[in-house]
Amino acid sequence: MTAAAPRRERGEPASAGETIANVRPATPDGRARARTRARGRVSIARSSLRYEWKRYLAAVLAVAFSGLLVLVQLGLLLGMVGSFTSVVDQANADLWVVEGRTESFDLAREMPRRYEMRLRTHPEVESVQPLAFAWTDWRRPDGGRVTIYLIGLDVGSNSLSLPKSFDPALRSALEPIGSVVVDAGDLNKLGVGIGDVAEVSGHRVRVAGVTHGMRAIGGAYVFVSRATAATLLGEMSSVDRSAYFLLRLRDPARARDVQRELQPAGDPPAYQVLLPGELSALSQIYWIVESGAGASFAFSTLLGLVVGIVITSQTLRGAILAALREYATLRALGVPLRALRAVVLEQAFWVGVTGIALTGVLTLVVVAAAVSANVAILLPPWSLGAAAVLTLSVALVSGLLALAPLRRTEPAELLR
């Protein structure tokens with residue numbers, strides 16, 4: 001729908017979808033003038049949003065904060081469950097072998113070391129390395145205790161378990177017995193700084209370095225060499241058992257084939273052979289479903305969308321009621337009701353687009369604050385697209401709910 005209108009030729013009927021500015025002149029000069037005017041036409045929906053922006057500000061803010069709520073909730077959820085699998089995601093293994101009943105990476109179950117020989121016999125397996133994993137206690141210098149996930153890595157130059165974010169200096173720092181590496185975000189929780197001494201299972205350890213982006217939820221990841229893990233765990237550690245086996249293949253492209261050939265039968269099987277992505281997805285789904293985090297996210301997101309729809313629809317409804325006489329004037333000039341509905345829906349669309357842009361700005365601020373506070377937040381590209389679709393849907397649904405007052409835009413409204 002447009003704001004400017006060239007003169008209509010006498011006797012020419014108005015079509016159903018015609019707007020005031022779309023009347024075609026009969027003369028050649030009139031057609032030329034119409035084309036000139038058409039290039040300068042301005043949408044009524046955009047004009048009203050531009051010149052009466054204060055009236056629509058509440059709707060834009062409601063849409064923007066609905067989108068922000070969805071993105072932040074989703075980012076925190078993905079960041080939380082992603083922290084459980086950061087070791088898997090950053091390892092260099094082509095295949096992971098886990099105990100057959102394992103539900104999540106952080107809920108490791110030990111397997112007999114004899115499985116390692118069976119894995120090595122496959123012609124495509126180039127190397128097999130065990131990974132130690134155990135829950136134990138960390139004693140802070142002030143006497144407090146923290147539950148930790150102790151992860152025993154192979155610190156050799158061909159390590160499959162060493163996270164990709166560990167530089168050579170950090171790998172070398174783990175070589176001495178008793179040296180540990182923790183995430184920078186867990187230093188306060190553990191009550192230490194770089195170079196400080198604490199206790200793990202009654203043994204003294206020294207913080208030799210810190211990593212970033214590998215913060216655990218509930219406890220803390222403490223990375224050590226396999227030799228240090230054996231020393232710290234003592235009787236809890238067994239040379240005959242291992243939590244995980246990591247495999248490197250001669251041809252990583254054949255990982256699926258090797259996986260099928262190594263997978264034993266049974267329900268549950270003695271062990272499972274998984275691709276890194278499969279173990280990561282298994283762990284994340286477990287925590288989303290079993291911890292109730294997924295249900296909490298769905299409920300809070302639905303609540304945010306409902307609030308956004310209510311506020312936005314009421315704001316658009318108020319704008320329609322405030323301009324009721326103007327809409328009635330357009331009806332008197334022959335503009336059909338469906339054209340007025342199109343104006344409202346276009347307004348809702350632009351409110352949604354503006355809200356998405358504002359959501360993007362606010363998201364950058366929130367993510368920057370979360371990163372500076374070492375809060376795990378993860379927003380993959382698909383999450384941004386999904387949030388944009390939901391945000392625009394909030395605006396369009398609100399526009400549909402706000403159409404009811406247009407039924408009162410009869411020309412007789414001008415006589416009241």
# chains A, B, ... in the order shown; residues from 1 in each chain; ligands from 1

$ residues_around --residues "A:Leu174" --least-positions-apart "6" --cutoff "7 Å" --atoms "only C-alpha atoms" --output "JSON, numbers by chain"
{"A": [180, 224, 225]}

$ select_by_dssp --residues "stretch 108-297 of chain A" --states "helix (DSSP H, G or I)" --output "PyMOL selection string"
chain A and resi 114-120+168-173+184-190+226-236+252-262+276-290+293-297

$ select_by_dssp --residues "stretch 35-239 of chain A" --states "strand (DSSP E or B)" --output "PyMOL selection string"
chain A and resi 43+95-99+111-112+125-139+145-153+179-183+197-200+203-211+221-225

$ residues_around --residues "stretch 333-343 of chain A" --least-positions-apart "3" --cutoff "6 Å" --atoms "only C-alpha atoms" --output "list in words"
Ala45, Leu330 and Glu346 of chain A

$ closest_residue --among "A:Ala62, A:Ala184, A:Leu400, A:Val72" --to "A:Ala368" --atoms "only C-alpha atoms"
A:Val72

$ residues_around --residues "A:Gly304" --least-positions-apart "2" --cutoff "10 Å" --atoms "only C-alpha atoms" --output "NGL selection string"
:A and (62-63 or 65-70 or 298-302 or 306-309)

$ atom_distance --atom1 "atom CA of A:Val344" --atom2 "atom CA of A:Gly360"
24.4 Å

$ residues_around --residues "stretch 105-107 of chain A" --least-positions-apart "6" --cutoff "7 Å" --atoms "only C-alpha atoms" --output "JSON list (two decimals) with N, CA and C atoms, in the first residue's frame"
[["chain", "number", "residue", "atom", "x", "y", "z"],
["A", 84, "PHE", "N", 30.72, -30.83, 28.78],
["A", 84, "PHE", "CA", 30.91, -32.24, 29.14],
["A", 84, "PHE", "C", 31.68, -33.00, 28.06],
["A", 85, "THR", "N", 31.69, -32.47, 26.85],
["A", 85, "THR", "CA", 32.31, -33.19, 25.74],
["A", 85, "THR", "C", 33.49, -32.45, 25.13],
["A", 283, "SER", "N", 26.57, -37.97, 24.85],
["A", 283, "SER", "CA", 26.73, -37.30, 26.14],
["A", 283, "SER", "C", 25.81, -36.09, 26.25]]

$ closest_residue --among "A:Ser201, A:Thr354, A:Asn374, A:Thr228" --to "A:Thr136" --atoms "only C-alpha atoms"
A:Ser201

$ closest_residue --among "A:Val200, A:Val181, A:Ala387, A:Ala255" --to "A:Met214" --atoms "only C-alpha atoms"
A:Val181

$ closest_residue --among "A:Arg241, A:Arg50, A:Arg101, A:His212" --to "A:Val182" --atoms "only C-alpha atoms"
A:His212

$ residues_around --residues "A:Arg317" --least-positions-apart "6" --cutoff "9 Å" --atoms "only C-alpha atoms" --output "VMD selection string"
chain A and resid 399 401 to 405

$ write_last_selection --atoms "C-alpha atoms" --output "PDB file, in the first residue's frame"
ATOM      1  CA  GLY A 399       0.172  -8.908  13.529  1.00  0.00           C
ATOM      2  CA  LEU A 401      -3.867 -11.185  16.360  1.00  0.00           C
ATOM      3  CA  ALA A 402      -4.019  -7.395  15.988  1.00  0.00           C
ATOM      4  CA  LEU A 403      -6.225  -7.408  12.868  1.00  0.00           C
ATOM      5  CA  ALA A 404      -9.561  -7.486  14.721  1.00  0.00           C
ATOM      6  CA  PRO A 405     -10.010  -3.659  15.087  1.00  0.00           C
TER       7      PRO A 405
END

$ closest_residue --among "A:Ser296, A:Gln284, A:Thr312, A:Ser47" --to "A:Gly79" --atoms "only C-alpha atoms"
A:Gln284

$ residues_around --residues "A:Ala243" --least-positions-apart "3" --cutoff "6 Å" --atoms "only C-alpha atoms" --output "ChimeraX atom specification"
/A:108-110,132-133

$ atom_distance --atom1 "atom CA of A:Gly202" --atom2 "atom CA of A:Gly152"
17.2 Å
